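Enquirer: What follows is a single structure, and I will ask about it in a moment.
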Amino acid sequence: MSRLRIAVPRGALFEDSLDLLDRLGIDTSAVRENDRRLLFDEVGIVTMRPSDVPTYVEAGAADLGITGKDVLLEQSERELYELVDLGYGSCTMVLATVAGEDRAAEALRRLGVVRIATKYPRIAARYFLDTGRQAEIVEVKGSVELAPLAGLVEGIVDLTATGTTLRENGLVVREEIAHCTARLIANPVAHKLKAEAIDAILERLDAV
């Protein structure tokens with residue numbers, strides 16, 4: 001186990017990921033006790049933003065990583081292996097608009113194109129392309145819910161767990177795009193060279 005380095009996402013998946021590693025026999029107490037420290041080589045853990053996990057795993061700076069399916073869909077060009085659906089961190093990628101008349105559908109009828117704000121431009125663009133609709137994708141970094149309220153766009157593509165934030169901002173889900181959970185990913189070279197250690201992790205996962 002100690003020969004593997006695992007990239008763990010900070011944020012919403014952090015605690016569940018550490019709990020999982022504990023169940024696999026990896027001591028995460030040092031990680032839990034040090035908020036500012038990022039690298040814990042003594043237990044083979046490195047922590048980072050979820051969106052950075054595929055970067056580190058693809059480059060071989062981590063052998064394994066945990067991140068959300070939303071991140072993997074947005075970074076689908078990455079060369080890595082998706083090994084296991086870990087089952088936690090459940091949320092849904094949705095198309096949402098302001099409640100009432102569907103402004104996105106109206107824009108498509110009137111203009112043939114709809115403006116969509118999102119933190120996931122590739123997922124949004126691919127979804128509209130796959131469903132045969134033309135969309136102008138506006139990438140935003142902050143609260144995406146603001147964009148349709150301020151008139152920047154007609155709709156948003158975003159991740160939601162409970163829908164509370166959408167409802168509080170007067171938005172409703174119009175379409176569900178993808179169900180997302182935490183996934184275990186591997187560097188392709190490590191998957192071959194460290195197959196025994198990775199297989200041991202997968203066997204323990206089956207048992208927990």
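Every chain in the structure tokens has a letter given in the order shown (A, B, ...), and although residue numbers restart at 1 in each chain, ligands are simply numbered from 1 in the order shown.
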Pull the closest atom pair for each residue of segment 42-121 of chain A that gets at most 10 Å from segment 17-24 of chain A, along with the distance in Å to one decimal, counting only C-alpha atoms, ordering rows by chain and then ascending residue number, as JSON lines.
Expert:
{"residue": "A:Ile45", "atom": "CA", "partner": "A:Leu21", "partner_atom": "CA", "distance": 9.7}
{"residue": "A:Ile66", "atom": "CA", "partner": "A:Ser17", "partner_atom": "CA", "distance": 7.4}
{"residue": "A:Thr67", "atom": "CA", "partner": "A:Ser17", "partner_atom": "CA", "distance": 9.3}
{"residue": "A:Leu86", "atom": "CA", "partner": "A:Leu20", "partner_atom": "CA", "distance": 9.0}
{"residue": "A:Tyr88", "atom": "CA", "partner": "A:Ser17", "partner_atom": "CA", "distance": 8.7}
{"residue": "A:Gly89", "atom": "CA", "partner": "A:Ser17", "partner_atom": "CA", "distance": 9.5}
Enquirer: I'd like the neighbourhood of Met48 of chain A as a VMD selection string, where a residue qualifies if any of its atoms comes within 9 Å (using only C-alpha atoms), though same-chain residues fewer than 5 positions away should be ignored.
Expert: chain A and resid 7 to 11 38 53
Enquirer: Near Lys69 of chain A, counting only C-alpha atoms, which residues have an atom at most 6 Å away, once you skip same-chain residues fewer than 3 positions from it, shown as a PDB file with N, CA and C atoms, in the first residue's frame?
Expert:
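The result, written out as part-v1.pdb:
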ATOM      1  N   LEU A  72     -14.451  14.181 -14.476  1.00  0.00           N
ATOM      2  CA  LEU A  72     -13.977  13.281 -15.532  1.00  0.00           C
ATOM      3  C   LEU A  72     -14.689  13.554 -16.855  1.00  0.00           C
ATOM      4  N   CYS A 180     -23.775  11.888 -11.237  1.00  0.00           N
ATOM      5  CA  CYS A 180     -22.350  11.895 -10.909  1.00  0.00           C
ATOM      6  C   CYS A 180     -22.108  11.430  -9.475  1.00  0.00           C
ATOM      7  N   THR A 181     -21.082  10.607  -9.319  1.00  0.00           N
ATOM      8  CA  THR A 181     -20.631  10.157  -8.003  1.00  0.00           C
ATOM      9  C   THR A 181     -19.103  10.173  -7.992  1.00  0.00           C
TER      10      THR A 181
END
Enquirer: Would you mind listing what lies within 7 Å of Leu83 of chain A as a PyMOL selection string, with only C-alpha atoms counted and same-chain residues fewer than 2 positions away left out?
Expert: chain A and resi 81+184-186
Enquirer: Hey, can you spit out that residue selection with C-alpha atoms as a PDB file, in the first residue's frame?
Expert:
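Final file, selection.pdb:
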ATOM      1  CA  TYR A  81      -8.351   4.631 -16.197  1.00  0.00           C
ATOM      2  CA  LEU A 184     -11.451   5.948  -8.343  1.00  0.00           C
ATOM      3  CA  ILE A 185      -9.052   6.632 -11.214  1.00  0.00           C
ATOM      4  CA  ALA A 186      -5.576   5.323 -12.043  1.00  0.00           C
TER       5      ALA A 186
END
Enquirer: For Ile198 of chain A, which of A:Val84, A:Arg36, A:Glu74, A:Leu159 is the closest residue, counting only C-alpha atoms?
Expert: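 Closest to Ile198 of chain A, using only C-alpha atoms: A:Val84.
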Enquirer: Where does DSSP see strand (DSSP E or B) in segment 36-168 of chain A, if you list the residues as an mmCIF file with N, CA, C and O atoms, in the first residue's frame?
Expert:
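Saved as selection31.cif:
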data_model
loop_
_atom_site.group_PDB
_atom_site.id
_atom_site.type_symbol
_atom_site.label_atom_id
_atom_site.label_comp_id
_atom_site.auth_asym_id
_atom_site.auth_seq_id
_atom_site.Cartn_x
_atom_site.Cartn_y
_atom_site.Cartn_z
ATOM 1 N N LEU A 39 0.720 17.542 1.201
ATOM 2 C CA LEU A 39 1.378 16.283 0.854
ATOM 3 C C LEU A 39 1.703 15.486 2.107
ATOM 4 O O LEU A 39 2.335 16.007 3.033
ATOM 5 N N PHE A 40 1.263 14.229 2.121
ATOM 6 C CA PHE A 40 1.483 13.336 3.266
ATOM 7 C C PHE A 40 2.136 12.059 2.737
ATOM 8 O O PHE A 40 1.508 11.002 2.637
ATOM 9 N N ILE A 45 -0.570 9.999 0.602
ATOM 10 C CA ILE A 45 -1.738 10.814 0.274
ATOM 11 C C ILE A 45 -1.301 12.220 -0.126
ATOM 12 O O ILE A 45 -0.431 12.809 0.522
ATOM 13 N N VAL A 46 -1.890 12.747 -1.181
ATOM 14 C CA VAL A 46 -1.702 14.135 -1.565
ATOM 15 C C VAL A 46 -3.097 14.729 -1.774
ATOM 16 O O VAL A 46 -3.965 14.085 -2.351
ATOM 17 N N THR A 47 -3.333 15.927 -1.225
ATOM 18 C CA THR A 47 -4.671 16.514 -1.300
ATOM 19 C C THR A 47 -4.665 17.735 -2.212
ATOM 20 O O THR A 47 -3.668 18.469 -2.290
ATOM 21 N N MET A 48 -5.794 17.954 -2.892
ATOM 22 C CA MET A 48 -5.873 19.033 -3.882
ATOM 23 C C MET A 48 -7.326 19.285 -4.266
ATOM 24 O O MET A 48 -8.234 18.572 -3.822
ATOM 25 N N LEU A 64 -3.075 6.779 -8.008
ATOM 26 C CA LEU A 64 -4.528 6.686 -7.972
ATOM 27 C C LEU A 64 -5.101 8.037 -7.576
ATOM 28 O O LEU A 64 -4.394 8.880 -7.007
ATOM 29 N N GLY A 65 -6.369 8.244 -7.845
ATOM 30 C CA GLY A 65 -7.019 9.481 -7.436
ATOM 31 C C GLY A 65 -8.500 9.274 -7.239
ATOM 32 O O GLY A 65 -9.090 8.328 -7.783
ATOM 33 N N ILE A 66 -9.084 10.142 -6.448
ATOM 34 C CA ILE A 66 -10.535 10.142 -6.243
ATOM 35 C C ILE A 66 -11.064 11.489 -6.710
ATOM 36 O O ILE A 66 -10.561 12.542 -6.293
ATOM 37 N N THR A 67 -12.057 11.469 -7.569
ATOM 38 C CA THR A 67 -12.684 12.718 -8.013
ATOM 39 C C THR A 67 -14.094 12.424 -8.490
ATOM 40 O O THR A 67 -14.483 11.258 -8.629
ATOM 41 N N GLY A 68 -14.863 13.477 -8.748
ATOM 42 C CA GLY A 68 -16.244 13.291 -9.176
ATOM 43 C C GLY A 68 -16.345 12.953 -10.653
ATOM 44 O O GLY A 68 -15.495 13.332 -11.462
ATOM 45 N N TYR A 81 -7.364 5.703 -16.320
ATOM 46 C CA TYR A 81 -8.351 4.631 -16.197
ATOM 47 C C TYR A 81 -9.339 4.961 -15.086
ATOM 48 O O TYR A 81 -8.924 5.352 -13.985
ATOM 49 N N GLU A 82 -10.623 4.821 -15.380
ATOM 50 C CA GLU A 82 -11.653 4.936 -14.348
ATOM 51 C C GLU A 82 -11.923 3.526 -13.838
ATOM 52 O O GLU A 82 -12.431 2.679 -14.569
ATOM 53 N N LEU A 83 -11.580 3.275 -12.578
ATOM 54 C CA LEU A 83 -11.601 1.914 -12.052
ATOM 55 C C LEU A 83 -12.916 1.534 -11.378
ATOM 56 O O LEU A 83 -13.455 0.455 -11.609
ATOM 57 N N VAL A 84 -13.408 2.419 -10.497
ATOM 58 C CA VAL A 84 -14.545 2.048 -9.645
ATOM 59 C C VAL A 84 -15.450 3.259 -9.401
ATOM 60 O O VAL A 84 -14.956 4.372 -9.191
ATOM 61 N N ASP A 85 -16.751 3.010 -9.440
ATOM 62 C CA ASP A 85 -17.731 3.982 -8.936
ATOM 63 C C ASP A 85 -17.794 3.783 -7.422
ATOM 64 O O ASP A 85 -18.229 2.733 -6.949
ATOM 65 N N CYS A 91 -24.687 13.428 -7.028
ATOM 66 C CA CYS A 91 -25.301 14.674 -7.492
ATOM 67 C C CYS A 91 -25.625 14.532 -8.975
ATOM 68 O O CYS A 91 -25.256 13.539 -9.607
ATOM 69 N N THR A 92 -26.324 15.513 -9.520
ATOM 70 C CA THR A 92 -26.799 15.423 -10.894
ATOM 71 C C THR A 92 -26.435 16.683 -11.668
ATOM 72 O O THR A 92 -26.620 17.795 -11.181
ATOM 73 N N MET A 93 -25.912 16.495 -12.872
ATOM 74 C CA MET A 93 -25.672 17.607 -13.781
ATOM 75 C C MET A 93 -26.998 17.918 -14.469
ATOM 76 O O MET A 93 -27.625 17.009 -15.043
ATOM 77 N N VAL A 94 -27.433 19.182 -14.396
ATOM 78 C CA VAL A 94 -28.757 19.530 -14.898
ATOM 79 C C VAL A 94 -28.711 20.773 -15.784
ATOM 80 O O VAL A 94 -27.788 21.588 -15.716
ATOM 81 N N LEU A 95 -29.754 20.897 -16.591
ATOM 82 C CA LEU A 95 -30.057 22.142 -17.296
ATOM 83 C C LEU A 95 -31.187 22.808 -16.521
ATOM 84 O O LEU A 95 -32.226 22.185 -16.286
ATOM 85 N N ALA A 96 -30.963 24.039 -16.078
ATOM 86 C CA ALA A 96 -31.967 24.745 -15.277
ATOM 87 C C ALA A 96 -32.203 26.137 -15.844
ATOM 88 O O ALA A 96 -31.299 26.749 -16.434
ATOM 89 N N THR A 97 -33.431 26.623 -15.651
ATOM 90 C CA THR A 97 -33.779 27.984 -16.072
ATOM 91 C C THR A 97 -34.632 28.621 -14.986
ATOM 92 O O THR A 97 -35.067 27.950 -14.041
ATOM 93 N N VAL A 98 -34.903 29.911 -15.145
ATOM 94 C CA VAL A 98 -35.776 30.613 -14.207
ATOM 95 C C VAL A 98 -37.158 29.969 -14.247
ATOM 96 O O VAL A 98 -37.653 29.579 -15.316
ATOM 97 N N VAL A 114 -29.504 29.176 -27.926
ATOM 98 C CA VAL A 114 -29.738 29.529 -26.530
ATOM 99 C C VAL A 114 -28.401 29.829 -25.864
ATOM 100 O O VAL A 114 -27.378 29.216 -26.184
ATOM 101 N N ARG A 115 -28.386 30.790 -24.951
ATOM 102 C CA ARG A 115 -27.177 31.124 -24.194
ATOM 103 C C ARG A 115 -27.206 30.377 -22.859
ATOM 104 O O ARG A 115 -28.197 30.473 -22.117
ATOM 105 N N ILE A 116 -26.117 29.689 -22.568
ATOM 106 C CA ILE A 116 -26.038 28.840 -21.376
ATOM 107 C C ILE A 116 -24.788 29.195 -20.579
ATOM 108 O O ILE A 116 -23.678 29.206 -21.129
ATOM 109 N N ALA A 117 -24.952 29.490 -19.303
ATOM 110 C CA ALA A 117 -23.810 29.736 -18.413
ATOM 111 C C ALA A 117 -23.464 28.454 -17.662
ATOM 112 O O ALA A 117 -24.357 27.697 -17.260
ATOM 113 N N THR A 118 -22.180 28.215 -17.455
ATOM 114 C CA THR A 118 -21.771 26.980 -16.790
ATOM 115 C C THR A 118 -20.312 27.040 -16.356
ATOM 116 O O THR A 118 -19.515 27.799 -16.909
ATOM 117 N N ALA A 135 -26.140 26.068 -28.974
ATOM 118 C CA ALA A 135 -25.999 26.807 -27.720
ATOM 119 C C ALA A 135 -24.734 27.652 -27.749
ATOM 120 O O ALA A 135 -23.689 27.216 -28.243
ATOM 121 N N GLU A 136 -24.845 28.847 -27.216
ATOM 122 C CA GLU A 136 -23.679 29.696 -26.980
ATOM 123 C C GLU A 136 -23.300 29.494 -25.514
ATOM 124 O O GLU A 136 -24.077 29.831 -24.616
ATOM 125 N N ILE A 137 -22.132 28.930 -25.269
ATOM 126 C CA ILE A 137 -21.717 28.582 -23.915
ATOM 127 C C ILE A 137 -20.904 29.732 -23.313
ATOM 128 O O ILE A 137 -19.919 30.183 -23.899
ATOM 129 N N VAL A 138 -21.350 30.196 -22.142
ATOM 130 C CA VAL A 138 -20.662 31.262 -21.418
ATOM 131 C C VAL A 138 -20.063 30.644 -20.156
ATOM 132 O O VAL A 138 -20.796 30.228 -19.254
ATOM 133 N N GLU A 139 -18.731 30.588 -20.092
ATOM 134 C CA GLU A 139 -18.085 29.993 -18.916
ATOM 135 C C GLU A 139 -18.007 31.011 -17.790
ATOM 136 O O GLU A 139 -17.563 32.142 -17.990
ATOM 137 N N GLY A 155 -30.271 30.068 -19.620
ATOM 138 C CA GLY A 155 -30.252 28.867 -18.789
ATOM 139 C C GLY A 155 -28.851 28.563 -18.285
ATOM 140 O O GLY A 155 -27.879 29.208 -18.681
ATOM 141 N N ILE A 156 -28.756 27.582 -17.393
ATOM 142 C CA ILE A 156 -27.463 27.167 -16.852
ATOM 143 C C ILE A 156 -27.334 25.646 -16.908
ATOM 144 O O ILE A 156 -28.335 24.920 -16.894
ATOM 145 N N VAL A 157 -26.108 25.184 -16.989
ATOM 146 C CA VAL A 157 -25.793 23.777 -16.784
ATOM 147 C C VAL A 157 -24.926 23.722 -15.539
ATOM 148 O O VAL A 157 -23.861 24.345 -15.487
ATOM 149 N N ASP A 158 -25.395 22.994 -14.517
ATOM 150 C CA ASP A 158 -24.663 22.975 -13.252
ATOM 151 C C ASP A 158 -24.919 21.677 -12.517
ATOM 152 O O ASP A 158 -25.821 20.907 -12.858
ATOM 153 N N LEU A 159 -24.103 21.474 -11.498
ATOM 154 C CA LEU A 159 -24.205 20.284 -10.654
ATOM 155 C C LEU A 159 -25.069 20.608 -9.448
ATOM 156 O O LEU A 159 -24.889 21.656 -8.823
ATOM 157 N N THR A 160 -25.991 19.721 -9.116
ATOM 158 C CA THR A 160 -26.828 19.934 -7.935
ATOM 159 C C THR A 160 -26.969 18.631 -7.159
ATOM 160 O O THR A 160 -27.084 17.557 -7.754
#
Enquirer: Please determine, counting only C-alpha atoms, which residue among A:Gly100, A:Pro121, A:Pro148, A:Pro54 has the shortest atom-to-atom distance to Arg78 of chain A.
Expert: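 Among A:Gly100, A:Pro121, A:Pro148, A:Pro54, it is A:Pro54 that comes nearest to Arg78 of chain A.
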Enquirer: Per DSSP on the backbone, filter chain A down to the residues in alpha helix (DSSP H) and report them as a ChimeraX atom specification.
Expert: /A:14-23,29-33,53-59,69-74,103-111,121-130,146-149,164-168,188-193,195-207
Enquirer: Between A:Val172, A:Glu196, A:Tyr56, A:Asp35, which is the closest to Ile6 of chain A once you count only C-alpha atoms?
Expert: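 Closest to Ile6 of chain A of all the choices is A:Tyr56.
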Enquirer: Which polymer residues have any atom within 9 Å of an atom of Ala61 of chain A, counting only C-alpha atoms, with same-chain residues fewer than 3 positions away left out, as a VMD selection string?
Expert: chain A and resid 5 7 55 to 58 187
Enquirer: Write to file, as a PDB file, in the first residue's frame, the residues of the selection just made, with C-alpha atoms.
Expert:
ATOM      1  CA  ARG A   5       0.346   7.707  -3.876  1.00  0.00           C
ATOM      2  CA  ALA A   7      -4.708  12.026  -4.821  1.00  0.00           C
ATOM      3  CA  THR A  55      -3.985  16.266 -13.949  1.00  0.00           C
ATOM      4  CA  TYR A  56      -1.824  14.729 -11.228  1.00  0.00           C
ATOM      5  CA  VAL A  57      -2.944  11.168 -11.982  1.00  0.00           C
ATOM      6  CA  GLU A  58      -2.439  11.493 -15.754  1.00  0.00           C
ATOM      7  CA  ASN A 187      -2.537   6.358 -14.010  1.00  0.00           C
TER       8      ASN A 187
END
Enquirer: So, counting only C-alpha atoms, which residue among A:Leu4, A:Ala99, A:Ile177, A:Ala59 is closest to Ala124 of chain A?
Expert: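 Checking each of A:Leu4, A:Ala99, A:Ile177, A:Ala59 against Ala124 of chain A, counting only C-alpha atoms, the winner is A:Ile177.
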Enquirer: For Asp16 of chain A, which residue among A:Gly44, A:Asp130, A:Thr164, A:Ala182 is the nearest when counting only C-alpha atoms?
Expert: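 Checking each of A:Gly44, A:Asp130, A:Thr164, A:Ala182 against Asp16 of chain A, counting only C-alpha atoms, the winner is A:Ala182.
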Enquirer: Atom CA of Ala161 of chain A to atom CA of Glu176 of chain A: how many Å, to one decimal?
Expert: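 Interatomic distance here is 12.1 Å.
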Enquirer: Skipping near chain neighbours, those fewer than 3 positions away, what residues fall within 9 Å of Val189 of chain A using only C-alpha atoms, listed as a PyMOL selection string?
Expert: chain A and resi 60+63+186+192-194
Enquirer: Got time to write the residues from that selection, all heavy atoms, as a tab-separated table (two decimals), in the first residue's frame?
Expert:
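Saved to result-v5.tsv:
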chain	number	residue	atom	x	y	z
A	60	GLY	N	1.26	11.11	-13.60
A	60	GLY	CA	2.00	10.14	-12.79
A	60	GLY	C	2.50	10.69	-11.46
A	60	GLY	O	3.24	10.03	-10.74
A	63	ASP	N	-0.54	7.88	-8.28
A	63	ASP	CA	-0.86	6.61	-8.95
A	63	ASP	C	-2.37	6.42	-9.09
A	63	ASP	O	-2.86	5.95	-10.12
A	63	ASP	CB	-0.28	5.44	-8.16
A	63	ASP	CG	1.22	5.57	-7.98
A	63	ASP	OD1	1.92	5.73	-9.01
A	63	ASP	OD2	1.68	5.54	-6.82
A	186	ALA	N	-6.97	5.78	-12.12
A	186	ALA	CA	-5.58	5.32	-12.04
A	186	ALA	C	-4.76	5.84	-13.21
A	186	ALA	O	-5.27	6.02	-14.32
A	186	ALA	CB	-5.53	3.79	-12.04
A	192	LYS	N	-0.15	-0.72	-14.63
A	192	LYS	CA	0.62	-1.90	-15.06
A	192	LYS	C	1.77	-2.19	-14.09
A	192	LYS	O	1.93	-3.32	-13.63
A	192	LYS	CB	1.19	-1.65	-16.46
A	192	LYS	CG	0.16	-1.64	-17.56
A	192	LYS	CD	0.80	-1.32	-18.89
A	192	LYS	CE	-0.29	-1.19	-19.97
A	192	LYS	NZ	0.21	-0.51	-21.18
A	193	LEU	N	2.56	-1.16	-13.80
A	193	LEU	CA	3.77	-1.37	-12.99
A	193	LEU	C	3.46	-1.65	-11.53
A	193	LEU	O	4.25	-2.32	-10.84
A	193	LEU	CB	4.69	-0.15	-13.10
A	193	LEU	CG	5.23	0.17	-14.50
A	193	LEU	CD1	6.18	1.36	-14.45
A	193	LEU	CD2	5.95	-1.06	-15.10
A	194	LYS	N	2.36	-1.13	-11.03
A	194	LYS	CA	2.00	-1.33	-9.63
A	194	LYS	C	0.68	-2.10	-9.51
A	194	LYS	O	-0.13	-1.87	-8.62
A	194	LYS	CB	1.89	0.03	-8.91
A	194	LYS	CG	3.19	0.82	-8.96
A	194	LYS	CD	3.10	2.13	-8.19
A	194	LYS	CE	4.43	2.87	-8.22
A	194	LYS	NZ	4.38	4.14	-7.46
Enquirer: May I ask which of the residues A:Thr165, A:Ile201, A:Asn34, A:Ser51 is the closest one to Arg3 of chain A, counting only C-alpha atoms?
Expert: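 Looking at the shortest contact to Arg3 of chain A, the residue is A:Ile201.
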